[in-house]
$ cat run.cif   # mmCIF, C-alpha atoms
data_final
loop_
_atom_site.label_atom_id
_atom_site.label_comp_id
_atom_site.auth_asym_id
_atom_site.auth_seq_id
_atom_site.Cartn_x
_atom_site.Cartn_y
_atom_site.Cartn_z
CA MET U 1 88.93 93.66 138.86
CA SER U 2 90.22 97.11 139.59
CA GLU U 3 93.04 97.28 142.07
CA GLU U 4 92.40 98.91 145.43
CA LEU U 5 94.20 102.25 145.83
CA HIS U 6 95.65 103.63 149.02
CA ASP U 7 96.21 107.21 150.10
CA VAL U 8 99.77 107.65 151.25
CA ARG U 9 101.47 110.70 152.66
CA LEU U 10 105.18 110.69 151.91
CA MET U 11 107.60 113.29 153.19
CA VAL U 12 110.42 113.46 150.67
CA ASN U 13 113.35 115.85 151.03
CA GLY U 14 111.29 118.05 153.32
CA ALA U 15 108.20 118.29 151.09
CA THR U 16 104.96 116.44 151.80
CA HIS U 17 103.35 114.55 148.94
CA GLU U 18 99.90 112.95 148.86
CA LEU U 19 99.76 109.87 146.65
CA ARG U 20 97.08 107.43 145.60
CA VAL U 21 98.80 104.18 144.75
CA PRO U 22 98.15 100.45 144.68
CA ALA U 23 99.66 98.61 147.65
CA ARG U 24 102.18 96.87 145.42
CA ARG U 25 103.79 100.16 144.33
CA LEU U 26 107.42 99.89 145.40
CA LEU U 27 108.81 102.93 147.15
CA SER U 28 111.42 103.19 144.38
CA ASP U 29 108.67 103.38 141.75
CA ALA U 30 106.62 105.84 143.80
CA LEU U 31 109.65 108.13 143.96
CA ARG U 32 110.53 107.79 140.29
CA HIS U 33 107.15 107.47 138.59
CA ASP U 34 104.66 109.19 140.86
CA LEU U 35 106.91 111.93 142.23
CA ARG U 36 109.21 112.17 139.18
CA LEU U 37 112.27 112.09 141.42
CA THR U 38 114.34 110.09 138.99
CA GLY U 39 117.61 110.59 140.85
CA THR U 40 116.94 107.33 142.69
CA HIS U 41 118.05 104.56 140.33
CA VAL U 42 116.74 101.03 140.11
CA GLY U 43 119.31 98.39 139.24
CA CYS U 44 118.56 94.84 140.30
CA GLU U 45 115.18 95.49 141.94
CA HIS U 46 115.72 92.77 144.51
CA GLY U 47 117.91 94.38 147.10
CA VAL U 48 121.35 93.31 145.94
CA CYS U 49 122.85 96.26 144.05
CA GLY U 50 122.09 99.20 146.35
CA ALA U 51 121.45 101.73 143.56
CA CYS U 52 117.97 102.52 144.93
CA THR U 53 119.13 103.21 148.49
CA VAL U 54 117.34 106.16 150.11
CA LEU U 55 117.28 107.37 153.70
CA VAL U 56 114.13 106.48 155.63
CA ASP U 57 114.01 108.47 158.86
CA GLY U 58 117.74 108.97 158.39
CA ALA U 59 118.69 105.31 157.94
CA PRO U 60 119.70 103.93 154.53
CA MET U 61 117.21 101.42 153.17
CA ARG U 62 116.54 99.78 149.82
CA SER U 63 113.60 101.60 148.27
CA CYS U 64 112.97 98.60 146.00
CA LEU U 65 112.38 96.43 149.08
CA MET U 66 109.72 98.67 150.58
CA PHE U 67 106.20 99.48 149.52
CA ALA U 68 105.20 103.11 149.35
CA VAL U 69 102.25 102.31 151.62
CA SER U 70 104.68 101.07 154.28
CA ALA U 71 106.53 104.41 154.18
CA GLU U 72 103.41 106.32 155.27
CA GLY U 73 104.50 109.07 157.63
CA ALA U 74 108.23 108.41 157.19
CA GLU U 75 110.79 111.07 156.24
CA VAL U 76 112.47 109.99 153.03
CA THR U 77 115.69 111.55 151.73
CA THR U 78 116.72 110.86 148.13
CA VAL U 79 119.83 111.96 146.26
CA GLU U 80 117.92 115.12 145.27
CA GLY U 81 117.91 116.02 148.96
CA LEU U 82 121.68 115.83 149.42
CA ALA U 83 122.65 119.13 147.80
CA ASN U 84 123.34 122.16 149.97
CA PRO U 85 120.42 124.56 150.49
CA ASP U 86 121.95 126.95 147.91
CA GLY U 87 121.93 124.19 145.31
CA SER U 88 125.68 123.56 145.36
CA LEU U 89 126.98 120.02 145.78
CA GLY U 90 126.76 118.53 149.26
CA PRO U 91 130.01 117.29 150.83
CA VAL U 92 129.66 113.66 149.71
CA GLN U 93 128.77 114.76 146.18
CA GLN U 94 131.71 117.18 146.18
CA ALA U 95 134.05 114.40 147.32
CA PHE U 96 132.81 112.10 144.52
CA ALA U 97 133.51 114.83 141.96
CA GLU U 98 136.99 115.52 143.34
CA CYS U 99 138.01 111.87 143.63
CA HIS U 100 136.43 110.65 140.39
CA GLY U 101 134.22 108.35 142.44
CA LEU U 102 131.96 107.67 139.48
CA GLN U 103 132.14 106.77 135.82
CA CYS U 104 128.75 105.94 134.31
CA GLY U 105 127.02 107.26 137.43
CA PHE U 106 124.22 104.70 137.58
CA CYS U 107 125.12 103.41 141.04
CA THR U 108 126.09 106.84 142.40
CA PRO U 109 122.79 107.91 144.02
CA GLY U 110 122.84 104.79 146.20
CA PHE U 111 126.42 105.38 147.22
CA LEU U 112 125.76 109.04 148.05
CA THR U 113 122.81 108.29 150.32
CA THR U 114 124.57 105.36 151.99
CA ILE U 115 127.74 107.36 152.66
CA THR U 116 125.81 110.42 153.88
CA ALA U 117 124.17 108.29 156.58
CA GLY U 118 127.36 106.34 157.24
CA LEU U 119 129.38 109.47 157.95
CA ARG U 120 126.66 110.80 160.20
CA GLU U 121 127.09 107.68 162.33
CA ASN U 122 130.88 107.56 162.00
CA PRO U 123 132.33 110.93 160.93
CA THR U 124 135.96 109.73 161.01
CA PRO U 125 136.06 106.25 159.45
CA THR U 126 139.28 104.29 159.14
CA HIS U 127 140.17 102.95 155.68
CA GLU U 128 138.62 99.59 156.62
CA GLU U 129 135.49 101.27 157.95
CA ALA U 130 135.21 103.33 154.76
CA ARG U 131 135.31 100.10 152.73
CA GLU U 132 132.76 98.47 155.04
CA MET U 133 130.48 101.51 154.65
CA VAL U 134 130.07 100.89 150.91
CA ALA U 135 130.23 97.08 151.00
CA GLY U 136 126.52 96.75 150.27
CA ASN U 137 126.60 98.82 147.06
CA LEU U 138 127.68 97.53 143.68
CA CYS U 139 129.60 99.57 141.09
CA ARG U 140 130.55 97.96 137.79
CA CYS U 141 132.81 100.76 136.52
CA THR U 142 135.18 102.17 139.07
CA GLY U 143 136.71 99.22 140.85
CA TYR U 144 135.73 101.00 144.10
CA GLN U 145 139.14 102.50 144.84
CA ASN U 146 138.05 106.05 144.08
CA ILE U 147 134.74 105.54 145.84
CA VAL U 148 136.58 104.60 149.04
CA LYS U 149 138.81 107.66 148.52
CA ALA U 150 135.65 109.74 148.17
CA VAL U 151 134.34 108.42 151.50
CA GLU U 152 137.58 109.52 153.15
CA ARG U 153 137.52 112.88 151.34
CA ALA U 154 133.90 113.47 152.35
CA ALA U 155 134.89 112.81 155.95
CA GLU U 156 137.59 115.49 155.60
CA LEU U 157 135.07 117.90 154.14
CA GLY U 158 133.08 117.36 157.33
CA SER U 159 129.83 116.12 155.91
CA MET W 160 109.89 92.46 138.48
CA LYS W 161 106.76 93.93 140.04
CA PRO W 162 104.71 92.12 142.67
CA ALA W 163 101.33 90.76 141.67
CA PRO W 164 98.37 92.68 143.14
CA PHE W 165 97.48 91.93 146.74
CA VAL W 166 95.10 93.23 149.33
CA TYR W 167 96.99 95.32 151.88
CA ARG W 168 96.09 95.59 155.55
CA ARG W 169 97.96 97.66 158.10
CA PRO W 170 96.39 96.79 161.47
CA GLY W 171 97.08 98.88 164.55
CA SER W 172 96.94 95.98 167.00
CA LEU W 173 98.01 92.37 167.20
CA ALA W 174 94.38 91.25 167.64
CA GLU W 175 93.40 92.94 164.38
CA ALA W 176 96.40 91.43 162.62
CA VAL W 177 95.46 87.94 163.80
CA ALA W 178 91.86 88.51 162.67
CA ALA W 179 93.02 89.70 159.24
CA LEU W 180 95.24 86.63 158.82
CA ALA W 181 92.43 84.33 159.94
CA GLY W 182 90.12 85.81 157.30
CA GLU W 183 92.40 85.06 154.33
CA PRO W 184 94.09 81.67 154.06
CA ASN W 185 96.55 82.95 151.45
CA ALA W 186 97.90 85.88 153.47
CA LYS W 187 101.47 86.66 154.49
CA VAL W 188 102.82 88.84 157.27
CA LEU W 189 104.99 91.80 156.19
CA ALA W 190 107.54 93.03 158.73
CA GLY W 191 110.91 94.15 157.30
CA GLY W 192 110.18 92.59 153.92
CA GLN W 193 113.85 92.15 153.02
CA SER W 194 113.28 88.53 152.02
CA LEU W 195 109.55 88.71 151.25
CA VAL W 196 109.58 91.66 148.84
CA PRO W 197 112.17 90.09 146.48
CA LEU W 198 110.06 86.90 146.44
CA LEU W 199 107.02 89.00 145.51
CA SER W 200 108.88 91.04 142.90
CA MET W 201 110.23 87.91 141.25
CA ARG W 202 106.73 86.43 141.50
CA LEU W 203 108.02 83.42 143.37
CA ALA W 204 105.24 84.21 145.81
CA ALA W 205 101.90 85.89 145.14
CA PRO W 206 99.87 85.98 148.34
CA ALA W 207 96.33 87.33 148.13
CA MET W 208 96.91 89.58 151.15
CA LEU W 209 99.76 91.19 153.04
CA VAL W 210 99.26 92.00 156.69
CA ASP W 211 101.75 94.76 157.44
CA ILE W 212 102.58 94.64 161.15
CA ASN W 213 104.79 97.76 161.10
CA ALA W 214 102.10 99.96 162.67
CA ILE W 215 101.53 97.69 165.68
CA PRO W 216 102.98 99.33 168.79
CA GLY W 217 105.13 97.43 171.26
CA LEU W 218 106.58 94.82 168.92
CA ASP W 219 110.01 96.42 168.51
CA THR W 220 111.23 95.72 172.03
CA ILE W 221 114.45 94.01 173.10
CA THR W 222 114.23 92.89 176.73
CA VAL W 223 116.42 90.99 179.13
CA GLU W 224 114.54 88.26 180.98
CA ASP W 225 115.70 86.86 184.30
CA GLY W 226 114.29 84.16 186.47
CA GLY W 227 113.90 80.51 185.51
CA ALA W 228 115.37 80.87 182.04
CA SER W 229 117.42 83.99 181.60
CA GLY W 230 118.08 85.37 178.18
CA VAL W 231 117.02 88.05 175.79
CA ARG W 232 113.64 88.42 174.09
CA VAL W 233 113.50 90.11 170.72
CA GLY W 234 110.19 91.49 169.45
CA ALA W 235 108.86 90.90 165.95
CA LEU W 236 109.61 94.45 164.80
CA ALA W 237 113.11 94.76 166.28
CA ARG W 238 115.33 95.47 163.29
CA HIS W 239 118.58 93.53 162.92
CA ALA W 240 120.44 96.82 163.30
CA ALA W 241 118.82 97.52 166.68
CA VAL W 242 119.51 94.01 167.97
CA LEU W 243 123.10 94.21 166.73
CA ALA W 244 123.61 97.55 168.48
CA SER W 245 122.03 96.40 171.76
CA ASP W 246 124.45 96.31 174.70
CA ASP W 247 122.00 94.08 176.57
CA VAL W 248 122.05 91.50 173.79
CA ARG W 249 125.86 91.58 173.57
CA ARG W 250 126.15 91.09 177.35
CA VAL W 251 123.49 88.39 177.76
CA GLN W 252 124.11 86.36 174.58
CA PRO W 253 127.10 87.51 172.52
CA LEU W 254 126.48 84.83 169.89
CA VAL W 255 123.44 86.78 168.67
CA THR W 256 125.58 89.89 168.19
CA GLN W 257 128.39 87.96 166.52
CA ALA W 258 126.04 86.27 164.07
CA LEU W 259 124.08 89.44 163.26
CA ALA W 260 127.24 91.12 162.01
CA HIS W 261 127.16 88.51 159.21
CA VAL W 262 123.50 89.09 158.27
CA ALA W 263 123.47 90.76 154.83
CA HIS W 264 124.66 94.39 154.74
CA ALA W 265 123.98 97.28 157.09
CA THR W 266 121.35 98.74 154.77
CA ILE W 267 119.37 95.51 154.80
CA ARG W 268 119.80 95.23 158.57
CA ASN W 269 118.22 98.67 158.98
CA ARG W 270 114.91 97.35 157.69
CA GLY W 271 115.01 93.57 158.12
CA THR W 272 113.88 92.05 161.40
CA THR W 273 115.53 89.26 163.37
CA VAL W 274 112.23 87.48 164.02
CA GLY W 275 111.35 87.79 160.33
CA SER W 276 114.58 86.06 159.44
CA LEU W 277 113.78 83.29 161.94
CA VAL W 278 110.37 82.55 160.44
CA HIS W 279 111.57 82.89 156.85
CA ALA W 280 113.38 79.64 157.72
CA ASP W 281 116.15 79.92 155.18
CA ALA W 282 118.80 77.28 155.89
CA ALA W 283 121.38 79.71 154.49
CA ALA W 284 120.48 82.33 157.11
CA GLU W 285 122.39 82.97 160.32
CA MET W 286 119.72 83.52 162.94
CA PRO W 287 117.79 80.21 162.59
CA VAL W 288 121.05 78.36 163.37
CA VAL W 289 121.73 80.57 166.38
CA LEU W 290 118.24 80.02 167.79
CA THR W 291 118.49 76.27 167.21
CA LEU W 292 121.97 75.92 168.72
CA LEU W 293 121.03 77.90 171.82
CA GLY W 294 117.76 76.00 172.30
CA GLY W 295 115.70 79.16 172.05
CA SER W 296 112.06 79.49 171.15
CA LEU W 297 109.53 81.50 169.22
CA GLU W 298 106.35 82.94 170.66
CA VAL W 299 103.48 83.02 168.19
CA GLU W 300 99.89 84.24 168.34
CA GLY W 301 96.95 82.89 166.40
CA PRO W 302 93.18 82.64 166.69
CA ALA W 303 93.60 79.98 169.42
CA GLY W 304 95.85 82.24 171.49
CA ARG W 305 99.56 82.20 172.18
CA ARG W 306 101.94 79.29 172.08
CA THR W 307 105.67 78.80 172.33
CA ILE W 308 107.47 76.80 169.65
CA PRO W 309 110.86 75.42 170.71
CA ALA W 310 113.53 76.02 168.06
CA SER W 311 113.98 72.25 167.76
CA GLU W 312 110.39 72.01 166.43
CA LEU W 313 110.44 75.16 164.31
CA TYR W 314 112.24 74.15 161.12
CA LEU W 315 110.56 71.53 158.94
CA GLY W 316 112.25 71.99 155.57
CA PRO W 317 113.62 74.57 153.16
CA LEU W 318 111.82 77.87 153.83
CA GLU W 319 109.24 75.95 155.85
CA SER W 320 108.53 76.56 159.52
CA SER W 321 105.97 75.00 161.82
CA LEU W 322 104.01 78.24 162.18
CA ALA W 323 100.41 77.78 161.08
CA PRO W 324 99.31 80.09 158.23
CA ASP W 325 97.11 82.02 160.66
CA GLU W 326 99.83 82.56 163.27
CA ILE W 327 102.05 85.61 163.71
CA ALA W 328 105.49 85.40 165.31
CA VAL W 329 105.45 87.85 168.20
CA SER W 330 108.93 87.43 169.66
CA ALA W 331 111.94 85.15 169.87
CA PHE W 332 113.75 84.12 173.03
CA PHE W 333 117.50 83.55 172.95
CA PRO W 334 118.80 81.90 176.15
CA GLY W 335 121.68 83.76 177.78
CA LEU W 336 125.27 82.60 177.90
CA ALA W 337 126.03 80.60 181.05
CA THR W 338 128.98 81.62 183.19
CA GLY W 339 132.11 79.89 181.94
CA ALA W 340 130.61 78.98 178.57
CA GLY W 341 131.95 80.20 175.23
CA VAL W 342 130.40 80.93 171.84
CA ALA W 343 131.71 81.80 168.39
CA PHE W 344 130.34 82.38 164.91
CA GLN W 345 132.18 82.13 161.61
CA GLU W 346 131.29 81.80 157.99
CA ILE W 347 132.92 81.43 154.62
CA ALA W 348 131.36 83.44 151.80
CA ARG W 349 132.63 84.36 148.35
CA ARG W 350 131.97 88.02 149.01
CA HIS W 351 131.48 89.88 152.28
CA GLY W 352 127.76 90.12 153.05
CA ASP W 353 126.80 87.36 150.64
CA TYR W 354 125.09 84.16 151.62
CA ALA W 355 127.64 81.88 153.23
CA LEU W 356 128.86 78.78 151.42
CA VAL W 357 129.11 77.32 154.91
CA GLY W 358 128.68 78.97 158.29
CA ALA W 359 128.98 77.62 161.82
CA ALA W 360 128.12 78.66 165.35
CA ALA W 361 129.70 76.95 168.35
CA LEU W 362 128.58 76.64 171.96
CA VAL W 363 131.06 75.20 174.46
CA GLU W 364 129.94 74.61 178.07
CA GLY W 365 132.32 72.55 180.21
CA GLU W 366 132.64 69.20 178.42
CA SER W 367 129.74 69.88 176.09
CA VAL W 368 130.60 71.04 172.56
CA LYS W 369 127.84 71.77 170.06
CA VAL W 370 128.11 73.26 166.60
CA GLY W 371 125.27 74.51 164.39
CA TYR W 372 125.64 74.81 160.62
CA LEU W 373 124.05 76.99 157.97
CA SER W 374 124.07 76.29 154.24
CA VAL W 375 125.15 72.69 154.83
CA SER W 376 121.72 71.01 154.89
CA ASP W 377 118.26 72.27 153.97
CA VAL W 378 117.42 73.06 157.60
CA PRO W 379 119.59 74.52 160.38
CA THR W 380 121.53 71.55 161.73
CA VAL W 381 123.20 71.14 165.13
CA VAL W 382 125.69 68.37 165.91
CA ASP W 383 127.03 67.29 169.30
CA LEU W 384 130.82 67.08 169.35
CA SER W 385 131.27 66.56 173.10
CA GLY W 386 134.25 64.42 173.96
CA VAL W 387 135.76 64.56 170.46
CA ASP W 388 139.51 65.22 170.23
CA ASP W 389 140.30 68.58 168.68
CA ALA W 390 142.09 66.93 165.78
CA ASP W 391 138.98 64.89 164.90
CA LEU W 392 136.32 67.62 165.15
CA GLY W 393 135.85 68.07 161.40
CA GLU W 394 135.47 64.38 160.63
CA ALA W 395 133.18 63.86 163.64
CA ALA W 396 130.95 66.66 162.41
CA LEU W 397 130.87 65.27 158.87
CA ALA W 398 129.82 61.87 160.20
CA GLN W 399 126.59 63.56 161.35
CA LEU W 400 126.07 65.80 158.31
CA GLU W 401 125.25 65.36 154.65
CA PRO W 402 126.56 68.47 152.89
CA MET W 403 124.46 69.43 149.88
CA ASP W 404 125.41 70.10 146.29
CA ASP W 405 124.19 73.25 144.59
CA ILE W 406 125.16 75.89 142.07
CA HIS W 407 127.40 77.61 144.63
CA ALA W 408 129.50 74.66 145.80
CA THR W 409 129.83 70.93 145.39
CA ALA W 410 129.12 68.61 148.31
CA ALA W 411 132.81 67.67 148.44
CA TYR W 412 133.84 71.31 148.69
CA ARG W 413 131.26 71.95 151.39
CA ALA W 414 132.58 68.93 153.29
CA GLN W 415 136.06 70.44 153.19
CA LEU W 416 134.68 73.78 154.43
CA VAL W 417 132.92 71.94 157.28
CA ARG W 418 136.24 70.35 158.30
CA VAL W 419 138.00 73.70 158.32
CA ILE W 420 135.30 75.84 159.89
CA THR W 421 134.41 73.33 162.63
CA THR W 422 137.94 73.33 163.98
CA ARG W 423 138.16 77.11 163.78
CA VAL W 424 134.81 77.88 165.36
CA VAL W 425 135.27 75.48 168.30
CA ARG W 426 138.75 76.88 169.00
CA SER W 427 137.36 80.39 168.85
CA ALA W 428 134.52 79.52 171.26
CA ARG W 429 137.04 78.02 173.74
CA GLU W 430 139.15 81.16 173.55
CA GLY W 431 136.07 83.19 174.48
CA MET W 432 135.38 81.15 177.65
#
$ encode --input "run.cif" --output "structure tokens"
Amino acid sequence: MSEELHDVRLMVNGATHELRVPARRLLSDALRHDLRLTGTHVGCEHGVCGACTVLVDGAPMRSCLMFAVSAEGAEVTTVEGLANPDGSLGPVQQAFAECHGLQCGFCTPGFLTTITAGLRENPTPTHEEAREMVAGNLCRCTGYQNIVKAVERAAELGS
Amino acid sequence: MKPAPFVYRRPGSLAEAVAALAGEPNAKVLAGGQSLVPLLSMRLAAPAMLVDINAIPGLDTITVEDGGASGVRVGALARHAAVLASDDVRRVQPLVTQALAHVAHATIRNRGTTVGSLVHADAAAEMPVVLTLLGGSLEVEGPAGRRTIPASELYLGPLESSLAPDEIAVSAFFPGLATGAGVAFQEIARRHGDYALVGAAALVEGESVKVGYLSVSDVPTVVDLSGVDDADLGEAALAQLEPMDDIHATAAYRAQLVRVITTRVVRSAREGM
């Protein structure tokens, strides 16, 4: 039995893409495999680690817990969409570089998207709020201290 | 870690969604998917069809209802984040707001729905306990029309609700907080945002004291502690509960958590009166 395919229109980082995918194609896989946007990482693939977090209509969501077909018509922002228009690092990326907010870098795309949206909602987080902002993302290298510093630095940079 | 193939339907109306469900006995409703998609990816569930209700207009509403029973009605597509941010919800029934702050992490709350969590019927989840403690209800629609399921008849067992396979949950009704009553919600988890080892919600109205528990039994469980001395609350609660043993905690440890959290949550509810 051949699997039914669905036409999906995804708007990713400002560009519109037409896809033909089976319904079970996770949004994370559509981004990585179909669109070759491999900046979005897949860690646990069941919603726990946060590495695959992307912005859907501006709100951070787990792309491994959504189907591409369900994202029809939505505006998706991945880590590739966080750089400045001239290609230089965006403020959250800049802050991560300055504060050594990453080591192996696997979890970083999920942190960057989560913090970008978090600072949009709360541009001047307290230390506690900065910690809360990244509480749903796992990092196995850094011990989080420099990631929290990067949240505070990104706030200073006025993301 | 990829879901098995399924037929996907994305109806534009509730009537079409009900018809789609009626036509396939092994179908599941997809709303936020924050519990369902992991089950599919781990192949713990492999329904033949998913009926995605995200394109149905009018299901994302949060409305205050007055009259006979006043409270707040939450539509099937209202995301946890929207319910948590609602001033109306906070004013009418602050227990809903308090409990929602403990539901997973913000990212999950952006997609997950409150009604979806209610019908997922996980005894480790916050909202089923809140609905049960408050005596709320669920409105569902099926081929035979609409019916209202009281929370007391909703939870049958672990991950099992009394919805028929061809019914869709349309909204949930949380009764409002009466004047002079107090509520509180607390939980103990190993890590912030994790499933609670034990959680409790309290409702204190005059002499009446009720506490609902999550992660203690395999269904949301409410005990009546009216007239119990403050010093005896924990033991009185345990007399009506049978804490379970699992990989996360022994029954004896859970019993100790029940003692501690019961006292705390009742005191906190009284302070909020």
$ interface_residues --input "run.cif" --of "chain W" --to "chain U" --cutoff "9 Å" --atoms "all atoms listed in the file" --output "NGL selection string"
:W and (160-167 or 169 or 191-198 or 200-201 or 211 or 213-214 or 263-270 or 351-352)
$ residues_around --input "run.cif" --residues "Arg153 of chain U" --least-positions-apart "6" --cutoff "12 Å" --atoms "all atoms listed in the file" --output "list in words"
Pro91, Val92, Gln93, Gln94, Ala95, Phe96, Ala97, Glu98, Cys99, His100, Gly101, Ile115, Leu119, Pro123, Thr124, Pro125, Thr126, His127, Ala130, Asn146, Ile147 and Ser159 of chain U
$ residues_around --input "run.cif" --residues "segment 360-362 of chain W" --least-positions-apart "5" --cutoff "7 Å" --atoms "all atoms listed in the file" --output "NGL selection string"
:W and (289 or 341-345 or 368-372 or 424-425 or 428)
$ write_last_selection --input "run.cif" --atoms "C-alpha atoms" --output "mmCIF file, in the frame of the given file"
data_model
loop_
_atom_site.group_PDB
_atom_site.id
_atom_site.type_symbol
_atom_site.label_atom_id
_atom_site.label_comp_id
_atom_site.auth_asym_id
_atom_site.auth_seq_id
_atom_site.Cartn_x
_atom_site.Cartn_y
_atom_site.Cartn_z
ATOM 1 C CA VAL W 289 121.730 80.570 166.380
ATOM 2 C CA GLY W 341 131.950 80.200 175.230
ATOM 3 C CA VAL W 342 130.400 80.930 171.840
ATOM 4 C CA ALA W 343 131.710 81.800 168.390
ATOM 5 C CA PHE W 344 130.340 82.380 164.910
ATOM 6 C CA GLN W 345 132.180 82.130 161.610
ATOM 7 C CA VAL W 368 130.600 71.040 172.560
ATOM 8 C CA LYS W 369 127.840 71.770 170.060
ATOM 9 C CA VAL W 370 128.110 73.260 166.600
ATOM 10 C CA GLY W 371 125.270 74.510 164.390
ATOM 11 C CA TYR W 372 125.640 74.810 160.620
ATOM 12 C CA VAL W 424 134.810 77.880 165.360
ATOM 13 C CA VAL W 425 135.270 75.480 168.300
ATOM 14 C CA ALA W 428 134.520 79.520 171.260
#
$ closest_residue --input "run.cif" --among "U:Thr40, U:Ser63, U:Gln145, U:Asn122" --to "Gly105 of chain U" --atoms "all atoms listed in the file"
U:Thr40
$ atom_distance --input "run.cif" --atom1 "atom CA of Glu75 of chain U" --atom2 "atom CA of Leu277 of chain W"
28.5 Å
$ resolve_selection --input "run.cif" --expression "the PyMOL selection byres ((chain U and resi 78) around 8)" --output "list of chain:residue names"
U:Val12, U:Asn13, U:Gly39, U:Thr40, U:Val54, U:Leu55, U:Val76, U:Thr77, U:Val79, U:Glu80, U:Gly81, U:Leu82, U:Pro109, U:Thr113
$ closest_residue --input "run.cif" --among "U:Val148, U:Ala74, U:Cys49, U:Ala155" --to "Glu121 of chain U" --atoms "only C-alpha atoms"
U:Ala155
$ resolve_selection --input "run.cif" --expression "the PyMOL selection byres ((chain U and resi 140) around 10)" --output "ChimeraX atom specification"
/U:102-107,138-139,141-144
